[in-house]
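For reference, query.csv (CSV, C-alpha atoms):
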```
chain,number,residue,atom,x,y,z
C,21,MET,CA,-20.0,-18.8,-16.1
C,22,ASP,CA,-18.0,-15.8,-15.1
C,23,GLU,CA,-14.5,-16.3,-14.0
C,24,THR,CA,-13.7,-15.9,-10.4
C,25,ASP,CA,-11.6,-13.0,-9.2
C,26,GLU,CA,-8.9,-15.5,-8.2
C,27,GLN,CA,-8.8,-16.9,-11.8
C,28,LEU,CA,-8.5,-13.4,-13.1
C,29,VAL,CA,-5.6,-12.6,-10.9
C,30,ALA,CA,-3.9,-15.8,-12.0
C,31,ARG,CA,-4.4,-14.7,-15.6
C,32,MET,CA,-3.0,-11.2,-14.7
C,33,ALA,CA,0.1,-13.0,-13.4
C,34,ALA,CA,0.5,-14.4,-17.0
C,35,ARG,CA,0.2,-10.8,-18.2
C,36,ASP,CA,-3.3,-11.2,-19.6
C,37,GLU,CA,-4.5,-7.6,-20.0
C,38,ASP,CA,-8.1,-8.7,-20.5
C,39,ALA,CA,-8.1,-10.1,-17.0
C,40,LEU,CA,-6.9,-6.7,-15.7
C,41,ALA,CA,-9.6,-5.0,-17.7
C,42,GLU,CA,-12.3,-7.3,-16.2
C,43,LEU,CA,-11.1,-6.8,-12.6
C,44,HIS,CA,-11.1,-3.1,-13.4
C,45,ARG,CA,-14.7,-3.3,-14.6
C,46,ARG,CA,-15.8,-5.2,-11.5
C,47,TYR,CA,-14.0,-3.1,-8.9
C,48,ALA,CA,-12.9,0.3,-10.1
C,49,PRO,CA,-16.2,2.0,-9.2
C,50,TYR,CA,-15.9,0.9,-5.6
C,51,LEU,CA,-12.1,1.6,-5.4
C,52,HIS,CA,-12.7,5.1,-6.8
C,53,ALA,CA,-15.4,5.6,-4.2
C,54,LEU,CA,-13.1,4.4,-1.5
C,55,ALA,CA,-10.2,6.6,-2.6
C,56,ARG,CA,-12.4,9.7,-2.9
C,57,ARG,CA,-13.7,9.1,0.6
C,58,VAL,CA,-10.2,8.9,2.0
C,59,LEU,CA,-8.5,11.6,-0.1
C,60,ARG,CA,-11.4,13.9,-0.9
C,61,ASP,CA,-9.4,15.2,-3.9
C,62,PRO,CA,-10.8,13.6,-7.1
C,63,ASP,CA,-7.5,13.9,-9.0
C,64,GLN,CA,-5.5,12.3,-6.2
C,65,ALA,CA,-8.1,9.6,-5.8
C,66,ASP,CA,-8.0,8.8,-9.5
C,67,GLN,CA,-4.2,8.5,-9.4
C,68,CYS,CA,-4.4,6.4,-6.3
C,69,VAL,CA,-6.7,3.9,-7.9
C,70,GLN,CA,-4.5,3.8,-11.0
C,71,ASP,CA,-1.5,3.1,-8.8
C,72,ALA,CA,-3.4,0.4,-6.9
C,73,PHE,CA,-4.3,-1.5,-10.1
C,74,VAL,CA,-0.7,-1.2,-11.3
C,75,ASN,CA,0.5,-2.5,-8.0
C,76,ALA,CA,-1.9,-5.4,-8.2
C,77,TRP,CA,-0.8,-6.1,-11.8
C,78,ASN,CA,2.8,-6.2,-10.7
C,79,ALA,CA,2.2,-8.2,-7.6
C,80,SER,CA,-0.2,-10.7,-9.2
C,81,GLY,CA,2.5,-13.3,-9.5
C,82,ARG,CA,2.8,-13.4,-5.7
C,83,TYR,CA,-0.9,-13.5,-4.9
C,84,ASP,CA,-1.8,-16.6,-2.9
C,85,PRO,CA,-5.6,-17.4,-2.9
C,86,LYS,CA,-5.1,-19.5,0.2
C,87,LEU,CA,-4.2,-16.4,2.2
C,88,ALA,CA,-6.8,-13.9,1.0
C,89,LYS,CA,-9.7,-13.5,-1.4
C,90,ALA,CA,-8.7,-11.7,-4.5
C,91,LYS,CA,-11.3,-9.0,-3.9
C,92,THR,CA,-10.0,-8.4,-0.4
C,93,TRP,CA,-6.4,-8.4,-1.7
C,94,LEU,CA,-7.3,-5.8,-4.3
C,95,VAL,CA,-9.3,-3.6,-1.9
C,96,THR,CA,-6.6,-3.7,0.7
C,97,ILE,CA,-4.0,-2.7,-1.9
C,98,ALA,CA,-6.1,0.3,-2.8
C,99,HIS,CA,-6.9,1.2,0.8
C,100,ARG,CA,-3.2,1.1,1.8
C,101,ARG,CA,-2.3,3.2,-1.1
C,102,ALA,CA,-4.9,5.8,-0.3
C,103,LEU,CA,-3.8,6.0,3.4
C,104,ASN,CA,-0.2,6.4,2.3
C,105,VAL,CA,-1.1,9.2,-0.1
C,106,LEU,CA,-3.2,10.8,2.7
C,107,ARG,CA,-0.2,10.6,5.2
C,108,ASP,CA,2.2,12.1,2.6
C,109,ARG,CA,0.1,15.2,2.3
C,110,PRO,CA,1.4,18.2,4.2
C,111,ASP,CA,-1.8,18.5,6.1
C,112,SER,CA,-3.6,15.3,6.1
C,113,THR,CA,-6.0,15.8,8.9
C,114,LEU,CA,-9.5,17.0,8.6
C,115,PRO,CA,-11.7,18.5,11.2
C,116,LEU,CA,-13.8,15.9,12.9
C,117,GLU,CA,-16.9,17.6,11.6
C,118,ASP,CA,-16.0,16.9,8.0
C,119,TRP,CA,-16.4,13.1,8.3
C,120,ASP,CA,-19.5,11.9,6.4
C,121,ALA,CA,-22.3,11.0,8.6
C,122,PRO,CA,-23.9,7.9,7.1
C,123,THR,CA,-27.5,8.1,6.0
C,124,THR,CA,-30.1,5.5,5.2
C,125,VAL,CA,-31.4,6.0,1.7
C,126,ARG,CA,-35.1,5.7,1.2
C,127,ASP,CA,-36.2,4.6,-2.3
C,128,ARG,CA,-39.4,6.6,-2.7
C,129,ASP,CA,-40.8,4.5,-5.4
C,130,GLU,CA,-40.5,1.3,-3.5
C,131,GLU,CA,-40.5,2.7,0.0
C,132,VAL,CA,-37.5,0.5,0.7
C,133,VAL,CA,-34.9,1.6,3.2
C,134,VAL,CA,-31.5,0.6,1.9
C,135,ARG,CA,-29.7,0.0,5.1
C,136,ARG,CA,-25.9,0.1,4.9
C,137,ALA,CA,-23.9,-2.1,7.1
C,138,VAL,CA,-22.4,0.8,8.9
C,139,ASP,CA,-25.9,1.9,9.9
C,140,THR,CA,-26.1,-1.1,12.1
C,141,LEU,CA,-23.4,0.5,14.3
C,142,ASP,CA,-24.1,2.9,17.1
C,143,ASP,CA,-22.9,6.5,16.6
C,144,ASP,CA,-19.6,5.9,18.5
C,145,GLU,CA,-18.7,2.8,16.5
C,146,ARG,CA,-19.6,4.5,13.2
C,147,GLU,CA,-17.4,7.5,14.1
C,148,LEU,CA,-14.5,5.3,15.1
C,149,ILE,CA,-14.7,3.2,11.9
C,150,GLU,CA,-14.8,6.3,9.8
C,151,LEU,CA,-11.9,7.9,11.5
C,152,ALA,CA,-9.8,4.7,11.6
C,153,PHE,CA,-10.5,3.2,8.2
C,154,TYR,CA,-11.1,6.3,6.1
C,155,ARG,CA,-8.8,8.7,7.9
C,156,GLY,CA,-6.1,6.5,9.2
C,157,TYR,CA,-6.2,7.5,12.8
C,158,SER,CA,-4.4,5.1,15.1
C,159,HIS,CA,-5.9,3.8,18.3
C,160,GLN,CA,-4.0,6.4,20.3
C,161,GLU,CA,-5.0,9.2,17.9
C,162,LEU,CA,-8.6,8.2,18.1
C,163,ALA,CA,-8.5,8.3,21.9
C,164,VAL,CA,-7.1,11.8,21.8
C,165,VAL,CA,-9.4,13.1,19.0
C,166,THR,CA,-12.6,11.6,20.5
C,167,GLY,CA,-11.7,12.1,24.1
C,168,ARG,CA,-12.4,8.5,24.9
C,169,PRO,CA,-10.1,6.2,26.9
C,170,LEU,CA,-7.7,4.1,24.8
C,171,GLY,CA,-9.3,0.9,26.1
C,172,THR,CA,-12.8,2.1,25.1
C,173,VAL,CA,-11.6,3.0,21.6
C,174,LYS,CA,-10.1,-0.5,21.1
C,175,SER,CA,-13.1,-2.2,22.6
C,176,LYS,CA,-15.6,-0.2,20.4
C,177,LEU,CA,-13.6,-0.8,17.3
C,178,ARG,CA,-13.5,-4.6,18.0
C,179,GLY,CA,-17.2,-4.5,18.6
C,180,ALA,CA,-17.9,-2.5,15.4
C,181,LEU,CA,-16.0,-5.0,13.3
C,182,THR,CA,-17.8,-7.9,14.9
C,183,ARG,CA,-21.1,-6.2,14.3
C,184,LEU,CA,-20.3,-5.6,10.7
C,185,ARG,CA,-19.1,-9.2,10.2
C,186,THR,CA,-22.4,-10.4,11.7
C,187,HIS,CA,-24.4,-8.1,9.4
C,188,PHE,CA,-22.6,-9.4,6.3
C,189,THR,CA,-22.9,-13.0,7.3
C,190,GLU,CA,-26.6,-12.7,7.9
C,191,ALA,CA,-27.0,-10.8,4.6
C,192,SER,CA,-25.3,-13.5,2.7
C,193,HIS,CA,-27.6,-16.1,4.3
C,194,ASP,CA,-30.6,-14.1,3.3
C,195,ARG,CA,-29.7,-14.2,-0.4
V,18,MET,CA,7.4,-9.5,20.7
V,19,THR,CA,3.8,-9.7,21.7
V,20,VAL,CA,0.9,-9.0,19.3
V,21,ASP,CA,-2.6,-8.9,20.7
V,22,HIS,CA,-5.9,-8.9,18.9
V,23,ASP,CA,-6.1,-5.1,18.9
V,24,GLN,CA,-2.8,-5.0,17.0
V,25,LEU,CA,-4.3,-7.4,14.5
V,26,VAL,CA,-7.3,-5.0,14.2
V,27,ALA,CA,-5.0,-2.1,13.8
V,28,TYR,CA,-3.1,-4.0,11.1
V,29,ALA,CA,-6.2,-4.9,9.2
V,30,LEU,CA,-7.3,-1.2,9.3
V,31,GLY,CA,-3.9,-0.1,8.0
V,32,LEU,CA,-3.0,1.9,11.1
V,33,LEU,CA,0.4,0.5,12.1
V,34,ASP,CA,3.7,2.1,11.3
V,35,ASP,CA,6.3,0.1,9.4
V,36,ARG,CA,7.9,-1.4,12.5
V,37,GLN,CA,4.6,-2.5,14.1
V,38,ALA,CA,3.4,-3.8,10.8
V,39,ARG,CA,6.5,-6.0,10.4
V,40,ASP,CA,6.0,-7.4,13.9
V,41,VAL,CA,2.5,-8.4,12.9
V,42,GLU,CA,3.7,-9.9,9.6
V,43,ALA,CA,6.3,-11.9,11.4
V,44,LEU,CA,3.5,-13.3,13.6
V,45,LEU,CA,1.3,-14.0,10.6
V,46,GLN,CA,4.0,-16.1,9.1
V,47,ARG,CA,4.0,-18.6,11.9
V,48,ASP,CA,0.5,-18.3,13.5
V,49,GLU,CA,-2.3,-19.6,11.4
V,50,ARG,CA,-5.0,-18.5,13.9
V,51,ALA,CA,-3.7,-14.9,13.6
V,52,ARG,CA,-3.7,-15.2,9.8
V,53,ARG,CA,-7.3,-16.3,9.9
V,54,THR,CA,-8.2,-13.4,12.2
V,55,VAL,CA,-6.6,-10.9,9.9
V,56,ALA,CA,-8.2,-12.4,6.8
V,57,GLU,CA,-11.6,-12.2,8.4
V,58,LEU,CA,-11.1,-8.6,9.5
V,59,GLN,CA,-9.9,-7.6,6.1
V,60,ASP,CA,-12.9,-9.5,4.5
V,61,THR,CA,-15.2,-7.5,6.7
V,62,LEU,CA,-13.7,-4.2,5.8
V,63,THR,CA,-13.8,-5.2,2.1
V,64,ASP,CA,-17.5,-6.0,2.4
V,65,MET,CA,-18.0,-2.6,4.0
V,66,VAL,CA,-16.3,-0.9,1.0
V,67,MET,CA,-18.4,-2.9,-1.4
V,68,ASP,CA,-21.5,-2.0,0.6
V,69,GLN,CA,-21.0,1.7,-0.2
V,70,ASP,CA,-22.3,3.4,-3.3
V,71,PRO,CA,-19.9,3.0,-6.3
V,72,VAL,CA,-19.0,6.1,-8.3
V,73,GLN,CA,-18.7,6.7,-12.0
V,74,VAL,CA,-15.3,5.7,-13.2
V,75,PRO,CA,-13.5,8.6,-15.0
V,76,ALA,CA,-13.7,8.4,-18.8
V,77,GLY,CA,-10.6,6.7,-20.2
V,78,ASP,CA,-9.6,5.3,-16.8
V,79,LEU,CA,-9.0,1.8,-18.1
V,80,ASP,CA,-7.2,3.0,-21.3
V,81,ARG,CA,-4.8,5.0,-19.1
V,82,LEU,CA,-4.2,2.0,-16.9
V,83,LEU,CA,-3.5,-0.3,-19.8
V,84,ASP,CA,-1.2,2.3,-21.3
V,85,ARG,CA,0.7,2.5,-18.1
V,86,VAL,CA,1.2,-1.2,-17.5
V,87,ARG,CA,2.4,-1.6,-21.1
V,88,ALA,CA,4.8,1.3,-20.7
V,89,GLU,CA,6.2,0.0,-17.4
V,90,GLN,CA,6.6,-3.5,-18.8
V,91,THR,CA,7.9,-4.7,-15.5
V,92,THR,CA,6.9,-6.6,-12.5
V,93,VAL,CA,7.3,-4.4,-9.5
V,94,PRO,CA,6.0,-6.2,-6.5
V,95,ALA,CA,3.5,-4.2,-4.5
V,96,VAL,CA,5.0,-3.1,-1.4
V,97,SER,CA,6.7,-3.5,1.4
V,98,GLU,CA,3.5,-1.8,1.9
V,99,PRO,CA,2.6,-5.1,0.7
V,100,GLU,CA,-0.7,-3.7,0.6
V,101,VAL,CA,-1.7,-7.2,1.6
V,102,ARG,CA,1.2,-8.7,3.4
V,103,GLU,CA,0.6,-12.3,2.6
V,104,ALA,CA,4.3,-13.3,2.8
V,105,PRO,CA,7.4,-12.1,4.6
V,106,PRO,CA,8.2,-8.5,3.7
V,107,GLU,CA,10.0,-8.9,0.5
V,108,ARG,CA,12.6,-6.8,-1.0
V,109,THR,CA,11.3,-5.7,-4.3
V,110,SER,CA,13.2,-6.4,-7.5
V,111,ALA,CA,12.4,-5.7,-11.1
V,112,ARG,CA,11.5,-8.4,-13.5
V,113,PRO,CA,11.2,-6.4,-16.6
V,114,ARG,CA,10.1,-8.0,-19.9
V,115,ARG,CA,10.5,-6.9,-23.4
V,116,LEU,CA,12.4,-3.8,-22.6
V,117,SER,CA,13.6,-2.3,-25.9
V,118,TRP,CA,17.3,-2.3,-26.5
V,119,LEU,CA,17.9,1.5,-26.7
V,120,PRO,CA,16.8,2.5,-23.2
V,121,TRP,CA,19.0,-0.2,-21.7
V,122,VAL,CA,22.0,1.2,-23.4
V,123,ALA,CA,21.3,4.7,-22.1
V,124,ALA,CA,20.5,3.3,-18.7
V,125,ALA,CA,23.6,1.2,-18.6
V,126,ALA,CA,25.7,4.2,-19.3
V,127,VAL,CA,24.0,6.2,-16.5
V,128,VAL,CA,24.4,3.4,-14.0
V,129,ALA,CA,28.0,2.6,-15.0
V,130,GLY,CA,28.9,6.2,-14.4
V,131,LEU,CA,27.2,6.6,-11.1
V,132,LEU,CA,27.5,3.2,-9.4
V,133,VAL,CA,30.9,2.6,-8.0
V,134,LEU,CA,30.9,-0.7,-6.2
V,135,PRO,CA,33.4,-2.5,-4.0
V,136,ALA,CA,34.5,-6.1,-4.7
V,137,VAL,CA,31.7,-8.5,-4.1
V,138,PRO,CA,30.9,-11.8,-5.8
V,139,ALA,CA,30.6,-11.0,-9.5
V,140,TRP,CA,27.3,-12.8,-10.0
V,141,GLN,CA,25.7,-10.8,-7.2
V,142,GLU,CA,27.0,-7.5,-8.5
V,143,TYR,CA,25.8,-8.4,-12.0
V,144,LEU,CA,22.2,-8.9,-10.6
V,145,VAL,CA,22.3,-5.7,-8.7
V,146,GLN,CA,23.6,-3.7,-11.7
V,147,ARG,CA,21.0,-5.3,-14.0
V,148,GLU,CA,18.2,-4.4,-11.6
V,149,ALA,CA,19.5,-0.9,-11.3
V,150,ARG,CA,19.6,-0.6,-15.2
V,151,GLN,CA,16.1,-1.9,-15.4
V,152,TYR,CA,14.7,0.7,-13.0
V,153,SER,CA,16.7,3.5,-14.6
V,154,ALA,CA,15.3,2.5,-18.0
V,155,LEU,CA,11.6,2.9,-16.9
V,156,PRO,CA,9.8,5.8,-18.5
V,157,GLY,CA,9.9,8.9,-16.4
V,158,ALA,CA,12.7,7.6,-14.1
V,159,VAL,CA,15.3,10.0,-13.0
V,160,THR,CA,18.6,8.6,-11.8
V,161,LYS,CA,21.1,10.3,-9.5
V,162,PRO,CA,24.1,9.3,-7.4
V,163,LEU,CA,23.8,8.9,-3.6
V,164,LEU,CA,26.8,10.7,-2.0
V,165,ASN,CA,28.5,10.3,1.3
V,166,ALA,CA,29.8,13.2,3.5
V,167,GLU,CA,33.0,13.2,1.5
V,168,GLY,CA,31.1,13.6,-1.8
V,169,GLN,CA,31.9,10.1,-3.0
V,170,SER,CA,29.3,8.0,-4.7
V,171,VAL,CA,28.0,5.3,-2.4
V,172,GLY,CA,24.9,4.2,-4.3
V,173,LEU,CA,22.2,5.0,-6.8
V,174,PHE,CA,18.8,6.8,-6.4
V,175,VAL,CA,16.2,6.3,-9.1
V,176,ARG,CA,13.0,8.3,-8.7
V,177,LEU,CA,10.3,6.6,-10.7
V,178,ALA,CA,7.5,8.4,-12.5
V,179,ASN,CA,5.1,7.7,-9.7
V,180,GLY,CA,7.4,9.2,-7.1
V,181,GLN,CA,8.6,6.0,-5.5
V,182,ALA,CA,12.3,5.6,-5.3
V,183,TYR,CA,14.5,2.6,-6.1
V,184,VAL,CA,17.8,2.7,-4.1
V,185,THR,CA,20.9,0.6,-4.3
V,186,LEU,CA,23.8,1.1,-1.9
V,187,ASP,CA,27.3,-0.2,-2.3
V,188,ARG,CA,27.1,-2.5,0.7
V,189,GLU,CA,24.7,-4.3,3.0
V,190,PRO,CA,24.0,-2.8,6.4
V,191,GLN,CA,26.3,-4.1,9.0
V,192,SER,CA,25.2,-7.1,11.0
V,193,GLY,CA,22.4,-6.2,13.5
V,194,ARG,CA,21.5,-3.0,11.7
V,195,VAL,CA,19.2,-1.8,9.0
V,196,TYR,CA,19.0,1.0,6.5
V,197,GLN,CA,16.3,3.6,7.1
V,198,ALA,CA,15.3,6.0,4.3
V,199,TRP,CA,14.2,9.6,5.0
V,200,GLN,CA,12.7,12.5,3.3
V,201,ILE,CA,14.0,15.8,4.7
V,202,VAL,CA,11.9,18.9,4.1
V,203,ASP,CA,12.8,22.2,5.9
V,204,GLY,CA,15.2,20.3,8.0
V,205,GLN,CA,12.6,17.9,9.3
V,206,PRO,CA,13.1,14.2,8.6
V,207,ARG,CA,10.2,11.9,7.9
V,208,SER,CA,10.7,8.1,7.6
V,209,LEU,CA,10.2,6.5,4.2
V,210,GLY,CA,10.7,3.0,5.6
V,211,VAL,CA,13.1,0.5,7.0
V,212,PHE,CA,15.1,-1.8,4.8
V,213,PRO,CA,17.3,-4.8,5.7
V,214,ASP,CA,19.1,-4.9,2.3
V,215,ARG,CA,21.3,-2.7,0.2
V,216,THR,CA,18.7,-2.4,-2.5
V,217,PHE,CA,15.1,-1.4,-1.9
V,218,LEU,CA,12.0,0.3,-3.3
V,219,THR,CA,10.3,2.9,-1.1
V,220,ASP,CA,6.6,2.3,-0.8
V,221,ARG,CA,6.0,6.0,-0.2
V,222,VAL,CA,6.5,8.8,-2.6
V,223,VAL,CA,9.7,10.9,-2.3
V,224,PRO,CA,8.5,14.4,-2.9
V,225,GLU,CA,10.3,16.7,-5.3
V,226,GLY,CA,12.1,19.5,-3.6
V,227,SER,CA,13.0,17.3,-0.6
V,228,THR,CA,16.3,15.8,0.3
V,229,PHE,CA,16.6,12.0,0.3
V,230,ALA,CA,18.8,10.4,2.9
V,231,VAL,CA,19.7,7.0,4.3
V,232,THR,CA,20.9,6.3,7.8
V,233,VAL,CA,21.9,3.1,9.6
V,234,GLU,CA,19.5,2.3,12.5
V,235,PRO,CA,18.8,-0.5,14.9
V,236,PRO,CA,16.4,-3.2,13.7
V,237,GLY,CA,12.9,-1.9,13.4
V,238,GLY,CA,14.1,1.6,12.6
V,239,SER,CA,14.0,4.8,14.7
V,240,ASP,CA,11.5,7.6,15.1
V,241,GLN,CA,14.3,10.1,14.2
V,242,PRO,CA,17.7,9.5,12.7
V,243,THR,CA,20.2,8.4,15.3
V,244,SER,CA,23.3,9.1,13.2
V,245,ALA,CA,24.5,11.2,10.3
V,246,PRO,CA,23.3,10.0,6.9
V,247,ILE,CA,25.5,7.7,5.0
V,248,ALA,CA,24.0,8.7,1.7
V,249,VAL,CA,22.2,11.8,0.6
V,250,THR,CA,20.8,13.3,-2.6
V,251,PRO,CA,18.5,16.3,-3.4
V,252,VAL,CA,15.3,15.3,-5.2
V,253,GLY,CA,14.0,17.2,-8.2
```

Translate this structure into structure tokens?
Amino acid sequence: MDETDEQLVARMAARDEDALAELHRRYAPYLHALARRVLRDPDQADQCVQDAFVNAWNASGRYDPKLAKAKTWLVTIAHRRALNVLRDRPDSTLPLEDWDAPTTVRDRDEEVVVRRAVDTLDDDERELIELAFYRGYSHQELAVVTGRPLGTVKSKLRGALTRLRTHFTEASHDR
Amino acid sequence: MTVDHDQLVAYALGLLDDRQARDVEALLQRDERARRTVAELQDTLTDMVMDQDPVQVPAGDLDRLLDRVRAEQTTVPAVSEPEVREAPPERTSARPRRLSWLPWVAAAAVVAGLLVLPAVPAWQEYLVQREARQYSALPGAVTKPLLNAEGQSVGLFVRLANGQAYVTLDREPQSGRVYQAWQIVDGQPRSLGVFPDRTFLTDRVVPEGSTFAVTVEPPGGSDQPTSAPIAVTPVG
């Protein structure tokens, strides 16, 4: 049976490089995707992911599985790192039009619509999640940029996260 | 201090500044319900990340990573960014292992020459100096003195290969105050974080060509420096 992520982090804390390599194998493709989506610069994104894994390696001795899943811990490290790099750039804002509009992918061979979780959100919710999570806009900045009242921004973000949570919960039950 | 659900959402999304994030972390230490809320929010965002299309990992990515962890040979806790703040914001400290003898000698000479310290308990000073030597000995680290307005050395600035800075000052901030680090570019200060102790590691990169400065601020820090820097050094 494969080791759990939590077991791998525990081995990393004991300086087991094979454990780091296995976590890298499992998650680097997604962390690179995350970093590229935030930073848009492949070189910066690659460096960001490297830094994230190094930070995880160095912090593994303090990881507490009772407080967070190892996968969440690792993704959060990478996300925070990417946002910090983004904020340190001289001009870290992108025009609103440059955010990726999500698409549903149709597999022509099987005529299956691969529905991403974000596709379950309405347009407003999707925009806010993109700008908040992938661009680091605060609630106040989102209100200014999107022209919506602050209360509406907060309410829609809460609703978006609840909808995403429901989607993932139902998806896990369906498996 | 009041933290509402929207603050927890903002925290999970990584949107809070240092001061706001520390407020939330203080709450998370004592409020299990808030911890569960943040954990659930972060799990949701993680699932969203994992739901996106993965990309091809650059060739040699793992090899470079392993080379780097071997070269650093230290345990540098992630963040005061603690990218996941599971515990109280911790002051980082190096726990290097298997450092070869020669870099230590060189680093000790650098640190001894730059770090002039007042009388403090010997064992505490020993730990501070050891930590400073360990950071100075890391590959790619550049060590400089931190100077006060009179040009006297009041601490040490070690810029690491990845751009983060390890700083040690000659004394703790006075009671009821904190240190705040700044990068100054074209006369404009930008906060690098708030630190309650005399030694700290910035979670943000200190850009080359900037000036690094430390001021004394009220708890939680300030949007702009409220007093003249107590320690300054040019970077790069």

Might you pull out every residue within 12 Å of Asp68 in chain V, with all atoms listed in the file counted and same-chain residues fewer than 3 positions away left off, and present them as a PyMOL selection string? (chain C and resi 49-51+53-54+134-139+184+187-188+191) or (chain V and resi 61-65+71)

Print the selection's residues with C-alpha atoms to a file, as a PDB file, in the frame of the given file.
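Output file again.pdb is given in full below:
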```pdb
ATOM      1  CA  PRO C  49     -16.200   2.000  -9.200  1.00  0.00           C
ATOM      2  CA  TYR C  50     -15.900   0.900  -5.600  1.00  0.00           C
ATOM      3  CA  LEU C  51     -12.100   1.600  -5.400  1.00  0.00           C
ATOM      4  CA  ALA C  53     -15.400   5.600  -4.200  1.00  0.00           C
ATOM      5  CA  LEU C  54     -13.100   4.400  -1.500  1.00  0.00           C
ATOM      6  CA  VAL C 134     -31.500   0.600   1.900  1.00  0.00           C
ATOM      7  CA  ARG C 135     -29.700   0.000   5.100  1.00  0.00           C
ATOM      8  CA  ARG C 136     -25.900   0.100   4.900  1.00  0.00           C
ATOM      9  CA  ALA C 137     -23.900  -2.100   7.100  1.00  0.00           C
ATOM     10  CA  VAL C 138     -22.400   0.800   8.900  1.00  0.00           C
ATOM     11  CA  ASP C 139     -25.900   1.900   9.900  1.00  0.00           C
ATOM     12  CA  LEU C 184     -20.300  -5.600  10.700  1.00  0.00           C
ATOM     13  CA  HIS C 187     -24.400  -8.100   9.400  1.00  0.00           C
ATOM     14  CA  PHE C 188     -22.600  -9.400   6.300  1.00  0.00           C
ATOM     15  CA  ALA C 191     -27.000 -10.800   4.600  1.00  0.00           C
TER      16      ALA C 191
ATOM     17  CA  THR V  61     -15.200  -7.500   6.700  1.00  0.00           C
ATOM     18  CA  LEU V  62     -13.700  -4.200   5.800  1.00  0.00           C
ATOM     19  CA  THR V  63     -13.800  -5.200   2.100  1.00  0.00           C
ATOM     20  CA  ASP V  64     -17.500  -6.000   2.400  1.00  0.00           C
ATOM     21  CA  MET V  65     -18.000  -2.600   4.000  1.00  0.00           C
ATOM     22  CA  PRO V  71     -19.900   3.000  -6.300  1.00  0.00           C
TER      23      PRO V  71
END
```

Quick check, in Å to one decimal: how far apart do CA of Thr166 in chain C and CA of Leu106 in chain C lie? 20.1 Å

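The interatomic distance for the pair CA of Glu150 in chain C and CA of Thr189 in chain C works out to 21.1 Å.
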
Separation of CA of Asp203 in chain V from CA of Ala230 in chain V, in Å and rounded to one decimal: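 Going from CA of Asp203 in chain V over to CA of Ala230 in chain V, I get 13.6 Å.
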
Compile the residues of chain C that lie within 6 Å of chain V, evaluated using all atoms listed in the file, and express the compilation as a list in words. Pro49, Tyr50, Ala53, Asn75, Asn78, Ala79, Thr92, Trp93, Thr96, Ile97, Arg100, Phe153, Gly156, Ser158 and Arg185 of chain C

Calculated over all atoms listed in the file, which of the candidates V:Leu25, V:Ala248, V:Val202, V:Val211 has the smallest distance to Ser227 in chain V? V:Val202

Within 8 Å of Gly179 in chain C, counting all atoms listed in the file, which residues show up once you throw out same-chain ones fewer than 4 positions away? Write them as a list in words, please.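 Skipping anything fewer than 4 positions along the chain leaves Glu145, Ser175 and Arg183 of chain C.
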
Prev. selection, C-alpha atoms, output as an mmCIF file, in the frame of the given file:
```cif
data_model
loop_
_atom_site.group_PDB
_atom_site.id
_atom_site.type_symbol
_atom_site.label_atom_id
_atom_site.label_comp_id
_atom_site.auth_asym_id
_atom_site.auth_seq_id
_atom_site.Cartn_x
_atom_site.Cartn_y
_atom_site.Cartn_z
ATOM 1 C CA GLU C 145 -18.700 2.800 16.500
ATOM 2 C CA SER C 175 -13.100 -2.200 22.600
ATOM 3 C CA ARG C 183 -21.100 -6.200 14.300
#
```

Kindly provide, as a ChimeraX atom specification, the polymer residues lying within 9 Å of (21.7, -0.9, 7.6), counting only C-alpha atoms and using the coordinates exactly as they appear in the file. /V:188-197,211-215,231-236

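In this comparison, which uses all atoms listed in the file, the residue of C:Val95, C:Val105, C:Leu28, C:Leu87 approaching Phe73 in chain C most closely is C:Val95.
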
Using all atoms listed in the file, which residue out of V:Gly180, V:Thr228, V:Ala245, V:Ala43 lies closest to Gln67 in chain C? V:Gly180
